[in-house]
$ cat target-v4.cif   # mmCIF, C-alpha atoms and all ligand atoms
data_structure
#
loop_
_atom_site.group_PDB
_atom_site.id
_atom_site.type_symbol
_atom_site.label_atom_id
_atom_site.label_comp_id
_atom_site.auth_asym_id
_atom_site.auth_seq_id
_atom_site.Cartn_x
_atom_site.Cartn_y
_atom_site.Cartn_z
ATOM 1 C CA MET A 267 -16.970 20.393 -7.735
ATOM 2 C CA VAL A 268 -14.023 19.116 -9.751
ATOM 3 C CA ILE A 269 -12.033 21.212 -12.165
ATOM 4 C CA PHE A 270 -9.120 19.780 -14.085
ATOM 5 C CA TRP A 271 -5.751 21.363 -13.781
ATOM 6 C CA VAL A 272 -2.743 20.468 -15.855
ATOM 7 C CA TYR A 273 0.753 20.067 -14.491
ATOM 8 C CA GLN A 274 3.435 20.610 -17.053
ATOM 9 C CA LYS A 275 6.994 19.338 -16.838
ATOM 10 C CA ASP A 276 9.488 19.724 -19.715
ATOM 11 C CA ASN A 277 6.513 20.664 -21.913
ATOM 12 C CA SER A 278 6.156 16.995 -22.646
ATOM 13 C CA ASP A 279 4.390 15.220 -19.848
ATOM 14 C CA ILE A 280 0.960 16.357 -18.893
ATOM 15 C CA MET A 281 -0.769 15.153 -15.799
ATOM 16 C CA GLN A 282 -4.346 15.570 -14.847
ATOM 17 C CA PHE A 283 -5.086 16.639 -11.331
ATOM 18 C CA SER A 284 -8.497 17.129 -9.798
ATOM 19 C CA LYS A 285 -8.830 20.450 -8.053
ATOM 20 C CA ILE A 286 -10.752 20.863 -4.817
ATOM 21 C CA PRO A 287 -11.277 24.585 -4.249
ATOM 22 C CA GLY A 288 -11.011 26.138 -0.803
ATOM 23 C CA ILE A 289 -10.609 29.525 0.829
ATOM 24 C CA ARG A 290 -7.186 28.633 2.240
ATOM 25 C CA ASN A 291 -5.421 28.894 -1.081
ATOM 26 C CA GLU A 292 -2.192 30.824 -0.410
ATOM 27 C CA HIS A 293 -0.125 27.612 -0.654
ATOM 28 C CA LYS A 294 0.051 25.146 -3.498
ATOM 29 C CA VAL A 295 -1.003 21.786 -2.107
ATOM 30 C CA ILE A 296 -0.645 18.631 -4.188
ATOM 31 C CA LEU A 297 -1.802 15.246 -2.970
ATOM 32 C CA PHE A 298 -0.818 11.900 -4.455
ATOM 33 C CA ALA A 299 -3.298 9.297 -3.287
ATOM 34 C CA LEU A 300 -4.924 5.967 -4.088
ATOM 35 C CA SER A 301 -8.649 5.751 -4.684
ATOM 36 C CA THR A 302 -8.842 2.754 -2.357
ATOM 37 C CA CYS A 303 -6.762 3.845 0.606
ATOM 38 C CA GLY A 304 -8.229 4.793 3.981
ATOM 39 C CA TRP A 305 -5.438 7.138 5.100
ATOM 40 C CA CYS A 306 -5.710 8.993 1.774
ATOM 41 C CA LYS A 307 -9.401 9.577 2.395
ATOM 42 C CA LEU A 308 -8.570 11.021 5.801
ATOM 43 C CA VAL A 309 -6.138 13.525 4.253
ATOM 44 C CA LYS A 310 -8.721 14.550 1.650
ATOM 45 C CA GLN A 311 -11.320 14.965 4.365
ATOM 46 C CA PHE A 312 -8.969 16.900 6.624
ATOM 47 C CA LEU A 313 -8.024 19.340 3.851
ATOM 48 C CA MET A 314 -11.644 19.804 2.906
ATOM 49 C CA GLU A 315 -12.806 20.371 6.482
ATOM 50 C CA ASN A 316 -10.146 23.022 6.871
ATOM 51 C CA GLU A 317 -11.100 24.551 3.532
ATOM 52 C CA VAL A 318 -7.635 24.081 2.067
ATOM 53 C CA GLU A 319 -7.493 24.286 -1.711
ATOM 54 C CA TYR A 320 -5.654 21.320 -3.195
ATOM 55 C CA ASP A 321 -5.043 19.261 -6.312
ATOM 56 C CA TYR A 322 -4.937 15.502 -6.193
ATOM 57 C CA ILE A 323 -4.333 12.447 -8.313
ATOM 58 C CA ASP A 324 -5.484 8.938 -7.496
ATOM 59 C CA ILE A 325 -2.452 7.169 -8.900
ATOM 60 C CA ASP A 326 -4.112 3.767 -9.231
ATOM 61 C CA LEU A 327 -6.405 5.354 -11.815
ATOM 62 C CA SER A 328 -3.558 7.076 -13.693
ATOM 63 C CA GLU A 329 -1.969 6.152 -16.980
ATOM 64 C CA GLU A 330 1.065 3.870 -16.740
ATOM 65 C CA ASN A 331 3.585 6.561 -17.713
ATOM 66 C CA GLU A 332 2.066 8.937 -15.170
ATOM 67 C CA LYS A 333 2.618 6.439 -12.388
ATOM 68 C CA GLU A 334 6.325 6.353 -13.092
ATOM 69 C CA GLU A 335 6.479 10.123 -13.288
ATOM 70 C CA ILE A 336 4.728 10.520 -9.950
ATOM 71 C CA ARG A 337 7.189 8.074 -8.460
ATOM 72 C CA GLN A 338 10.027 10.251 -9.737
ATOM 73 C CA ILE A 339 8.465 13.446 -8.375
ATOM 74 C CA ILE A 340 8.223 11.887 -4.912
ATOM 75 C CA ARG A 341 11.705 10.385 -5.007
ATOM 76 C CA ASP A 342 13.258 13.639 -6.266
ATOM 77 C CA ARG A 343 11.980 15.290 -3.123
ATOM 78 C CA GLY A 344 13.416 12.600 -0.913
ATOM 79 C CA GLY A 345 10.149 10.910 -0.057
ATOM 80 C CA SER A 346 9.433 7.237 0.273
ATOM 81 C CA VAL A 347 6.976 6.313 -2.435
ATOM 82 C CA SER A 348 3.878 5.598 -0.426
ATOM 83 C CA PHE A 349 0.425 7.082 -0.304
ATOM 84 C CA PRO A 350 -0.862 9.536 0.753
ATOM 85 C CA THR A 351 2.002 11.901 -0.074
ATOM 86 C CA THR A 352 1.331 15.622 0.220
ATOM 87 C CA ILE A 353 3.628 18.164 -1.427
ATOM 88 C CA ILE A 354 3.330 21.777 -0.334
ATOM 89 C CA ASP A 355 4.679 24.643 -2.450
ATOM 90 C CA ASN A 356 6.619 22.135 -4.495
ATOM 91 C CA LYS A 357 9.140 21.539 -1.715
ATOM 92 C CA ILE A 358 7.727 20.297 1.598
ATOM 93 C CA LEU A 359 6.891 16.619 1.368
ATOM 94 C CA ILE A 360 4.703 14.891 3.933
ATOM 95 C CA THR A 361 4.373 11.118 3.887
ATOM 96 C CA GLY A 362 1.215 9.706 5.433
ATOM 97 C CA PHE A 363 -1.637 11.439 7.216
ATOM 98 C CA ARG A 364 0.217 13.824 9.544
ATOM 99 C CA LYS A 365 -2.246 16.497 10.649
ATOM 100 C CA ASP A 366 0.334 18.466 12.607
ATOM 101 C CA LYS A 367 2.835 18.577 9.785
ATOM 102 C CA ILE A 368 0.204 19.683 7.305
ATOM 103 C CA LYS A 369 -1.025 22.388 9.680
ATOM 104 C CA GLU A 370 2.496 23.575 10.350
ATOM 105 C CA ALA A 371 3.377 23.789 6.674
ATOM 106 C CA LEU A 372 0.186 25.713 5.937
ATOM 107 C CA ASN A 373 0.386 27.950 9.040
ATOM 108 C CA PHE A 374 -2.961 27.272 10.619
ATOM 109 C CA MET B 199 -15.151 -8.400 -13.439
ATOM 110 C CA THR B 200 -16.122 -10.503 -10.457
ATOM 111 C CA GLU B 201 -18.743 -9.047 -8.166
ATOM 112 C CA ILE B 202 -18.196 -9.517 -4.480
ATOM 113 C CA SER B 203 -20.297 -8.113 -1.663
ATOM 114 C CA LEU B 204 -18.970 -5.806 1.019
ATOM 115 C CA GLU B 205 -20.432 -8.133 3.630
ATOM 116 C CA LYS B 206 -18.384 -11.019 2.305
ATOM 117 C CA ILE B 207 -15.203 -8.926 2.424
ATOM 118 C CA LYS B 208 -16.010 -7.837 5.961
ATOM 119 C CA GLU B 209 -16.784 -11.349 7.099
ATOM 120 C CA ARG B 210 -13.515 -12.627 5.688
ATOM 121 C CA ALA B 211 -11.552 -9.930 7.501
ATOM 122 C CA GLU B 212 -13.431 -10.562 10.743
ATOM 123 C CA ILE B 213 -12.725 -14.282 10.641
ATOM 124 C CA ASP B 214 -9.075 -13.659 9.923
ATOM 125 C CA ALA B 215 -8.767 -11.087 12.703
ATOM 126 C CA LYS B 216 -10.351 -13.434 15.208
ATOM 127 C CA ARG B 217 -8.173 -16.339 14.234
ATOM 128 C CA ASN B 218 -5.033 -14.272 14.709
ATOM 129 C CA GLY B 219 -6.049 -12.371 17.830
ATOM 130 C CA TYR B 220 -6.414 -9.050 16.025
ATOM 131 C CA TYR B 221 -9.271 -6.578 15.730
ATOM 132 C CA LEU B 222 -10.565 -4.572 12.806
ATOM 133 C CA ASN B 223 -10.180 -0.789 12.674
ATOM 134 C CA PRO B 224 -12.422 0.633 15.426
ATOM 135 C CA ASP B 225 -13.535 3.672 13.392
ATOM 136 C CA PRO B 226 -16.584 2.539 11.370
ATOM 137 C CA LYS B 227 -15.980 5.082 8.585
ATOM 138 C CA PHE B 228 -12.298 4.245 8.269
ATOM 139 C CA LEU B 229 -13.100 0.524 8.300
ATOM 140 C CA LYS B 230 -15.739 0.917 5.631
ATOM 141 C CA SER B 231 -13.374 2.811 3.335
ATOM 142 C CA LEU B 232 -10.769 0.043 3.644
ATOM 143 C CA LEU B 233 -13.302 -2.709 2.991
ATOM 144 C CA GLN B 234 -14.549 -0.799 -0.046
ATOM 145 C CA GLY B 235 -10.938 -0.504 -1.214
ATOM 146 C CA LEU B 236 -10.448 -4.255 -0.884
ATOM 147 C CA LYS B 237 -13.676 -4.856 -2.764
ATOM 148 C CA LYS B 238 -12.613 -2.564 -5.586
ATOM 149 C CA ASN B 239 -9.212 -4.246 -5.852
ATOM 150 C CA GLU B 240 -10.685 -7.717 -5.843
ATOM 151 C CA GLU B 241 -13.086 -6.671 -8.589
ATOM 152 C CA ARG B 242 -10.482 -5.042 -10.805
ATOM 153 C CA TYR B 243 -7.507 -7.365 -10.214
ATOM 154 C CA ASN B 244 -9.327 -10.570 -9.235
ATOM 155 C CA TYR B 245 -7.540 -10.671 -5.904
ATOM 156 C CA PRO B 246 -7.886 -8.440 -2.843
ATOM 157 C CA SER B 247 -4.605 -6.552 -3.005
ATOM 158 C CA CYS B 248 -3.788 -4.045 -0.295
ATOM 159 C CA PRO B 249 -5.968 -0.924 -0.579
ATOM 160 C CA CYS B 250 -3.107 1.356 0.493
ATOM 161 C CA ARG B 251 -0.492 0.149 -1.952
ATOM 162 C CA LEU B 252 -0.224 0.531 -5.696
ATOM 163 C CA ALA B 253 -0.663 -2.928 -7.218
ATOM 164 C CA SER B 254 0.821 -3.972 -10.545
ATOM 165 C CA GLY B 255 -2.295 -5.945 -11.409
ATOM 166 C CA LYS B 256 -0.114 -8.996 -12.095
ATOM 167 C CA ILE B 257 -0.465 -11.596 -9.412
ATOM 168 C CA GLU B 258 3.152 -12.763 -9.622
ATOM 169 C CA PHE B 259 4.298 -9.292 -8.507
ATOM 170 C CA ASP B 260 1.491 -8.608 -6.049
ATOM 171 C CA LYS B 261 1.515 -11.866 -4.093
ATOM 172 C CA ASP B 262 3.123 -10.267 -1.043
ATOM 173 C CA ILE B 263 0.445 -7.541 -0.832
ATOM 174 C CA ILE B 264 -2.648 -9.690 -1.106
ATOM 175 C CA CYS B 265 -4.610 -8.994 2.050
ATOM 176 C CA PRO B 266 -3.626 -10.084 4.674
ATOM 177 C CA CYS B 267 -0.211 -9.113 3.331
ATOM 178 C CA ASP B 268 3.166 -10.547 4.300
ATOM 179 C CA TYR B 269 3.879 -7.441 6.381
ATOM 180 C CA ARG B 270 0.791 -7.443 8.541
ATOM 181 C CA ASP B 271 1.959 -9.519 11.463
ATOM 182 C CA VAL B 272 5.243 -7.697 11.976
ATOM 183 C CA ASP B 273 3.536 -4.314 11.673
ATOM 184 C CA VAL B 274 0.813 -5.183 14.157
ATOM 185 C CA ILE B 275 3.482 -6.377 16.592
ATOM 186 C CA GLU B 276 5.669 -3.304 16.137
ATOM 187 C CA PHE B 277 3.130 -0.532 15.571
ATOM 188 C CA GLY B 278 -0.164 -1.969 16.800
ATOM 189 C CA ALA B 279 -1.666 -1.773 13.323
ATOM 190 C CA CYS B 280 -1.028 -2.989 9.800
ATOM 191 C CA TYR B 281 0.093 -0.485 7.146
ATOM 192 C CA CYS B 282 -3.514 0.325 6.172
ATOM 193 C CA ALA B 283 -4.791 0.094 9.763
ATOM 194 C CA LEU B 284 -7.353 -2.528 8.786
ATOM 195 C CA TYR B 285 -5.992 -4.944 11.389
ATOM 196 C CA VAL B 286 -5.125 -3.540 14.807
ATOM 197 C CA ASP B 287 -4.147 -4.903 18.197
ATOM 198 C CA GLU B 288 -6.197 -4.701 21.368
ATOM 199 C CA LYS B 289 -4.776 -1.360 22.547
ATOM 200 C CA MET B 290 -5.686 0.350 19.285
ATOM 201 C CA HIS B 291 -9.034 -1.353 19.289
ATOM 202 C CA THR B 292 -10.019 -0.059 22.697
ATOM 203 C CA GLY B 293 -8.647 3.378 21.870
ATOM 204 C CA THR B 294 -5.943 3.348 24.579
ATOM 205 C CA ILE B 295 -3.507 4.412 21.861
ATOM 206 C CA GLU B 296 -4.463 6.613 18.931
ATOM 207 C CA LEU B 297 -3.926 5.242 15.432
ATOM 208 C CA SER B 298 -1.049 6.796 13.544
ATOM 209 C CA PRO B 299 0.512 6.044 10.158
ATOM 210 C CA VAL B 300 2.702 2.972 9.879
ATOM 211 C CA PRO B 301 5.815 3.303 7.691
ATOM 212 C CA GLU B 302 6.013 1.232 4.515
ATOM 213 C CA ARG B 303 8.113 -1.875 5.014
ATOM 214 C CA ARG B 304 7.589 -3.478 1.600
ATOM 215 C CA PRO B 305 11.006 -3.640 -0.124
ATOM 216 C CA LEU B 306 11.649 -1.055 -2.855
ATOM 217 C CA GLU B 307 12.371 -3.660 -5.518
ATOM 218 C CA LYS B 308 8.938 -5.146 -4.996
ATOM 219 C CA GLN B 309 7.262 -1.739 -5.074
ATOM 220 C CA ALA B 310 9.071 -0.869 -8.300
ATOM 221 C CA LYS B 311 7.221 -3.554 -10.203
ATOM 222 C CA SER B 312 3.998 -1.585 -9.960
ATOM 223 C CA TYR B 313 5.441 1.254 -11.994
ATOM 224 C CA ASP B 314 5.892 1.267 -15.697
ATOM 225 C CA SER B 315 9.427 2.092 -16.671
ATOM 226 C CA THR B 316 9.645 3.780 -19.994
ATOM 227 C CA THR B 317 13.418 3.853 -20.463
ATOM 228 C CA LYS B 318 14.941 1.132 -22.560
ATOM 229 C CA GLU B 319 17.229 -0.047 -19.838
ATOM 230 C CA ASP B 320 14.368 -0.453 -17.442
ATOM 231 C CA GLN B 321 12.330 -2.282 -20.035
ATOM 232 C CA THR B 322 14.938 -4.982 -20.400
ATOM 233 C CA LYS B 323 14.964 -5.273 -16.656
ATOM 234 C CA LYS B 324 11.221 -5.609 -16.687
ATOM 235 C CA SER B 325 11.253 -8.463 -19.161
ATOM 236 C CA GLU B 326 13.939 -10.164 -17.115
ATOM 237 C CA ILE B 327 11.755 -9.851 -14.063
ATOM 238 C CA ILE B 328 8.878 -11.461 -15.908
ATOM 239 C CA GLU B 329 11.157 -14.293 -16.992
ATOM 240 C CA GLU B 330 12.322 -14.647 -13.449
ATOM 241 C CA ALA B 331 8.798 -14.781 -12.126
ATOM 242 C CA LYS B 332 7.979 -17.656 -14.422
ATOM 243 C CA VAL B 333 10.703 -19.770 -12.895
ATOM 244 C CA SER B 334 9.333 -21.007 -9.635
ATOM 245 C CA LYS B 335 11.564 -20.244 -6.689
ATOM 246 C CA LEU B 336 9.249 -21.821 -4.177
ATOM 247 C CA LYS B 337 10.835 -23.864 -1.449
ATOM 248 C CA LEU B 338 9.634 -25.731 1.581
ATOM 249 C CA TRP B 339 10.349 -23.971 4.869
ATOM 250 C CA PHE B 340 9.764 -25.200 8.375
ATOM 251 C CA CYS B 341 9.591 -23.380 11.685
ATOM 252 C CA GLU B 342 12.143 -24.820 14.073
ATOM 253 C CA GLN B 343 10.059 -23.717 17.027
ATOM 254 C CA CYS B 344 6.691 -25.273 16.244
ATOM 255 C CA GLY B 345 7.173 -27.361 13.142
ATOM 256 C CA TYR B 346 4.875 -25.321 10.868
ATOM 257 C CA VAL B 347 5.688 -26.007 7.215
ATOM 258 C CA VAL B 348 5.109 -23.600 4.343
ATOM 259 C CA TYR B 349 5.801 -23.673 0.603
ATOM 260 C CA ARG B 350 6.869 -20.275 -0.740
ATOM 261 C CA ASP B 351 9.871 -18.352 -2.087
ATOM 262 C CA GLU B 352 10.865 -16.766 1.230
ATOM 263 C CA PRO B 353 10.040 -17.784 4.791
ATOM 264 C CA PRO B 354 7.335 -15.631 6.427
ATOM 265 C CA LEU B 355 8.544 -12.645 8.500
ATOM 266 C CA ILE B 356 7.035 -14.333 11.509
ATOM 267 C CA CYS B 357 5.518 -17.763 11.983
ATOM 268 C CA PRO B 358 1.724 -17.515 11.771
ATOM 269 C CA ILE B 359 1.362 -20.292 14.331
ATOM 270 C CA CYS B 360 3.872 -19.594 17.093
ATOM 271 C CA ARG B 361 5.099 -16.066 16.139
ATOM 272 C CA ALA B 362 8.740 -17.153 15.893
ATOM 273 C CA LYS B 363 10.907 -14.798 13.813
ATOM 274 C CA LYS B 364 11.939 -15.413 10.202
ATOM 275 C CA GLU B 365 15.378 -16.556 11.375
ATOM 276 C CA MET B 366 13.760 -19.576 13.024
ATOM 277 C CA PHE B 367 12.802 -20.965 9.617
ATOM 278 C CA SER B 368 14.976 -23.496 7.850
ATOM 279 C CA LYS B 369 14.798 -24.805 4.341
ATOM 280 C CA ILE B 370 13.703 -28.391 3.933
ATOM 281 C CA LYS B 371 15.890 -30.188 1.485
ATOM 282 C CA THR B 372 14.075 -32.730 -0.600
ATOM 283 C CA GLN B 373 15.797 -35.615 -2.179
ATOM 284 C CA ILE B 374 14.308 -38.288 -4.328
ATOM 285 C CA ILE B 375 15.952 -41.655 -4.009
ATOM 286 C CA TYR B 376 15.237 -44.143 -6.739
ATOM 287 C CA SER B 377 15.623 -47.713 -5.782
ATOM 288 C CA SER B 378 15.326 -50.651 -8.038
HETATM 289 S S1 LIG C 1 -1.596 -3.543 5.168
HETATM 290 FE FE1 LIG C 1 -3.420 -4.349 6.174
HETATM 291 S S2 LIG C 1 -5.075 -3.980 4.740
HETATM 292 FE FE2 LIG C 1 -3.170 -3.753 3.599
HETATM 293 S S3 LIG C 1 -2.872 -5.813 2.787
HETATM 294 FE FE3 LIG C 1 -1.735 -5.708 4.678
HETATM 295 S S4 LIG C 1 -3.143 -6.540 6.147
HETATM 296 FE FE4 LIG C 1 -4.357 -6.027 4.377
#
$ encode --input "target-v4.cif" --output "structure tokens" --more "lines below"
Ligand code: SF4
Amino acid sequence: MVIFWVYQKDNSDIMQFSKIPGIRNEHKVILFALSTCGWCKLVKQFLMENEVEYDYIDIDLSEENEKEEIRQIIRDRGGSVSFPTTIIDNKILITGFRKDKIKEALNF
Amino acid sequence: MTEISLEKIKERAEIDAKRNGYYLNPDPKFLKSLLQGLKKNEERYNYPSCPCRLASGKIEFDKDIICPCDYRDVDVIEFGACYCALYVDEKMHTGTIELSPVPERRPLEKQAKSYDSTTKEDQTKKSEIIEEAKVSKLKLWFCEQCGYVVYRDEPPLICPICRAKKEMFSKIKTQIIYSS
């Protein structure tokens, strides 16, 4: 099931995320991915298997201005702009498919 | 949109892996997702750009990430796998070492070209880049170790023939002498 969720910044830019519901929903998990990338699929699968609720964007399918904004969001948090990038509670940034780091940040 | 079969994509990757002494990702599901990614990119951009990198869709900016990308050989040597883990070395192939993410080595300035910059300043930069791309900077390079010659803007990170490092490449100066 996919529900759209809107991320608002400065009331001006609106981004469309796809929400994957899950019972582990106490943390806000955002995933920036590419629709074509193998590692990104593994993160999606891992989150789903562990029933983590998350929102994602496949950036290759995004609008041009959204791409730049996503790049800024990642850079502002000190990340290297590569995919998959997972952001937890708007502050912890995880580059690549790092099971342990994701588990640690989500306490499971 | 050009249609290309998954089998064709797979065959191409297999031939390339064999020729270079590499293997394809040993996990059939992982491998399939990467091949599907390459297929999708080839169909939407007309060239198989790297499935794990954001392409600009303009070939002049994506040349270095057309699969196999310019970074593959050095990544396989250093990490045992390319950035996407499509190509792996023998240890990864047999499962002696578990696959783990490879850091991005593509330079930031090249990555930046895949993002639209909306500020005015960046836009001028963008048009300059396009201008720049039109002017060919291709040069002839030769490998001092094995004599391999290649025509491109930068020498390869490692020689595809003898694996010598980039530093082993020298520019070939061409001179045309007119005689009467
Ligand atoms: S990282 Fe691997 S899959 Fe991606 S373009 Fe390079 S060689 Fe191809």
$ residues_around --input "target-v4.cif" --residues "B:Ile207" --least-positions-apart "5" --cutoff "12 Å" --atoms "all atoms listed in the file" --output "list in words"
Glu201, Ile202, Glu212, Ile213, Asp214, Leu229, Lys230, Ser231, Leu232, Leu233, Gln234, Gly235, Leu236, Lys237, Lys238, Asn239, Glu240, Glu241, Tyr245, Pro246, Cys265, Pro266 and Leu284 of chain B
$ residues_near_ligand --input "target-v4.cif" --ligand "ligand LIG 1 (chain C)" --cutoff "7 Å" --atoms "only C-alpha atoms and all ligand atoms" --output "ChimeraX atom specification"
/B:247-250,263-270,280-285
$ closest_atom_pairs --input "target-v4.cif" --of "chain A" --to "chain B" --cutoff "12 Å" --atoms "all atoms listed in the file" --output "JSON lines"
{"residue": "A:Phe298", "atom": "CA", "partner": "B:Leu252", "partner_atom": "CA", "distance": 11.5}
{"residue": "A:Ala299", "atom": "CA", "partner": "B:Cys250", "partner_atom": "CA", "distance": 8.8}
{"residue": "A:Leu300", "atom": "CA", "partner": "B:Cys250", "partner_atom": "CA", "distance": 6.7}
{"residue": "A:Ser301", "atom": "CA", "partner": "B:Gly235", "partner_atom": "CA", "distance": 7.5}
{"residue": "A:Thr302", "atom": "CA", "partner": "B:Gly235", "partner_atom": "CA", "distance": 4.0}
{"residue": "A:Cys303", "atom": "CA", "partner": "B:Cys250", "partner_atom": "CA", "distance": 4.4}
{"residue": "A:Gly304", "atom": "CA", "partner": "B:Leu232", "partner_atom": "CA", "distance": 5.4}
{"residue": "A:Trp305", "atom": "CA", "partner": "B:Cys282", "partner_atom": "CA", "distance": 7.2}
{"residue": "A:Cys306", "atom": "CA", "partner": "B:Cys250", "partner_atom": "CA", "distance": 8.2}
{"residue": "A:Lys307", "atom": "CA", "partner": "B:Ser231", "partner_atom": "CA", "distance": 7.9}
{"residue": "A:Leu308", "atom": "CA", "partner": "B:Phe228", "partner_atom": "CA", "distance": 8.1}
{"residue": "A:Val309", "atom": "CA", "partner": "B:Pro299", "partner_atom": "CA", "distance": 11.6}
{"residue": "A:Gln311", "atom": "CA", "partner": "B:Phe228", "partner_atom": "CA", "distance": 11.5}
{"residue": "A:Asp324", "atom": "CA", "partner": "B:Leu252", "partner_atom": "CA", "distance": 10.1}
{"residue": "A:Ile325", "atom": "CA", "partner": "B:Leu252", "partner_atom": "CA", "distance": 7.7}
{"residue": "A:Asp326", "atom": "CA", "partner": "B:Leu252", "partner_atom": "CA", "distance": 6.2}
{"residue": "A:Leu327", "atom": "CA", "partner": "B:Leu252", "partner_atom": "CA", "distance": 9.9}
{"residue": "A:Ser328", "atom": "CA", "partner": "B:Tyr313", "partner_atom": "CA", "distance": 10.9}
{"residue": "A:Glu329", "atom": "CA", "partner": "B:Asp314", "partner_atom": "CA", "distance": 9.3}
{"residue": "A:Glu330", "atom": "CA", "partner": "B:Asp314", "partner_atom": "CA", "distance": 5.6}
{"residue": "A:Asn331", "atom": "CA", "partner": "B:Asp314", "partner_atom": "CA", "distance": 6.1}
{"residue": "A:Glu332", "atom": "CA", "partner": "B:Asp314", "partner_atom": "CA", "distance": 8.6}
{"residue": "A:Lys333", "atom": "CA", "partner": "B:Tyr313", "partner_atom": "CA", "distance": 5.9}
{"residue": "A:Glu334", "atom": "CA", "partner": "B:Tyr313", "partner_atom": "CA", "distance": 5.3}
{"residue": "A:Glu335", "atom": "CA", "partner": "B:Tyr313", "partner_atom": "CA", "distance": 9.0}
{"residue": "A:Ile336", "atom": "CA", "partner": "B:Tyr313", "partner_atom": "CA", "distance": 9.5}
{"residue": "A:Arg337", "atom": "CA", "partner": "B:Tyr313", "partner_atom": "CA", "distance": 7.9}
{"residue": "A:Gln338", "atom": "CA", "partner": "B:Tyr313", "partner_atom": "CA", "distance": 10.3}
{"residue": "A:Arg341", "atom": "CA", "partner": "B:Leu306", "partner_atom": "CA", "distance": 11.6}
{"residue": "A:Gly345", "atom": "CA", "partner": "B:Glu302", "partner_atom": "CA", "distance": 11.5}
{"residue": "A:Ser346", "atom": "CA", "partner": "B:Glu302", "partner_atom": "CA", "distance": 8.1}
{"residue": "A:Val347", "atom": "CA", "partner": "B:Gln309", "partner_atom": "CA", "distance": 8.5}
{"residue": "A:Ser348", "atom": "CA", "partner": "B:Glu302", "partner_atom": "CA", "distance": 6.9}
{"residue": "A:Phe349", "atom": "CA", "partner": "B:Cys250", "partner_atom": "CA", "distance": 6.8}
{"residue": "A:Pro350", "atom": "CA", "partner": "B:Cys250", "partner_atom": "CA", "distance": 8.5}
{"residue": "A:Thr351", "atom": "CA", "partner": "B:Cys250", "partner_atom": "CA", "distance": 11.7}
{"residue": "A:Ile360", "atom": "CA", "partner": "B:Pro299", "partner_atom": "CA", "distance": 11.6}
{"residue": "A:Thr361", "atom": "CA", "partner": "B:Pro301", "partner_atom": "CA", "distance": 8.8}
{"residue": "A:Gly362", "atom": "CA", "partner": "B:Pro299", "partner_atom": "CA", "distance": 6.0}
{"residue": "A:Phe363", "atom": "CA", "partner": "B:Pro299", "partner_atom": "CA", "distance": 6.5}
{"residue": "A:Arg364", "atom": "CA", "partner": "B:Pro299", "partner_atom": "CA", "distance": 7.8}
{"residue": "A:Lys365", "atom": "CA", "partner": "B:Ser298", "partner_atom": "CA", "distance": 10.2}
{"residue": "A:Asp366", "atom": "CA", "partner": "B:Ser298", "partner_atom": "CA", "distance": 11.8}
$ closest_residue --input "target-v4.cif" --among "A:Lys369, A:Ile353, A:Arg343, A:Met281" --to "A:Phe312" --atoms "only C-alpha atoms"
A:Lys369
$ resolve_selection --input "target-v4.cif" --expression "the PyMOL selection byres (((chain B and resi 361) around 12) and not hetatm)" --output "CSV table (one decimal) with C-alpha atoms, keeping the file's coordinate frame"
chain,number,residue,atom,x,y,z
B,218,ASN,CA,-5.0,-14.3,14.7
B,219,GLY,CA,-6.0,-12.4,17.8
B,271,ASP,CA,2.0,-9.5,11.5
B,272,VAL,CA,5.2,-7.7,12.0
B,274,VAL,CA,0.8,-5.2,14.2
B,275,ILE,CA,3.5,-6.4,16.6
B,341,CYS,CA,9.6,-23.4,11.7
B,342,GLU,CA,12.1,-24.8,14.1
B,343,GLN,CA,10.1,-23.7,17.0
B,344,CYS,CA,6.7,-25.3,16.2
B,345,GLY,CA,7.2,-27.4,13.1
B,346,TYR,CA,4.9,-25.3,10.9
B,354,PRO,CA,7.3,-15.6,6.4
B,355,LEU,CA,8.5,-12.6,8.5
B,356,ILE,CA,7.0,-14.3,11.5
B,357,CYS,CA,5.5,-17.8,12.0
B,358,PRO,CA,1.7,-17.5,11.8
B,359,ILE,CA,1.4,-20.3,14.3
B,360,CYS,CA,3.9,-19.6,17.1
B,362,ALA,CA,8.7,-17.2,15.9
B,363,LYS,CA,10.9,-14.8,13.8
B,364,LYS,CA,11.9,-15.4,10.2
B,365,GLU,CA,15.4,-16.6,11.4
B,366,MET,CA,13.8,-19.6,13.0
B,367,PHE,CA,12.8,-21.0,9.6
$ closest_residue --input "target-v4.cif" --among "A:Ile339, A:Leu372, A:Leu313, A:Ile354" --to "A:Val295" --atoms "all atoms listed in the file"
A:Ile354
$ atom_distance --input "target-v4.cif" --atom1 "atom CA of B:Arg242" --atom2 "atom CA of B:Arg210"
18.4 Å
$ resolve_selection --input "target-v4.cif" --expression "the PyMOL selection byres (((chain A and resi 292) around 12) and not hetatm)" --output "list in words"
Pro287, Gly288, Ile289, Arg290, Asn291, His293, Lys294, Val295, Glu317, Val318, Glu319, Tyr320, Ile354, Asp355, Ala371, Leu372, Asn373 and Phe374 of chain A
$ residues_around --input "target-v4.cif" --residues "B:Gly278" --least-positions-apart "3" --cutoff "8 Å" --atoms "only C-alpha atoms" --output "list in words"
Asp273, Val274, Ile275, Val286, Asp287, Lys289 and Met290 of chain B
$ write_last_selection --input "target-v4.cif" --atoms "C-alpha atoms" --output "PDB file, keeping the file's coordinate frame"
ATOM      1  CA  ASP B 273       3.536  -4.314  11.673  1.00  0.00           C
ATOM      2  CA  VAL B 274       0.813  -5.183  14.157  1.00  0.00           C
ATOM      3  CA  ILE B 275       3.482  -6.377  16.592  1.00  0.00           C
ATOM      4  CA  VAL B 286      -5.125  -3.540  14.807  1.00  0.00           C
ATOM      5  CA  ASP B 287      -4.147  -4.903  18.197  1.00  0.00           C
ATOM      6  CA  LYS B 289      -4.776  -1.360  22.547  1.00  0.00           C
ATOM      7  CA  MET B 290      -5.686   0.350  19.285  1.00  0.00           C
TER       8      MET B 290
END
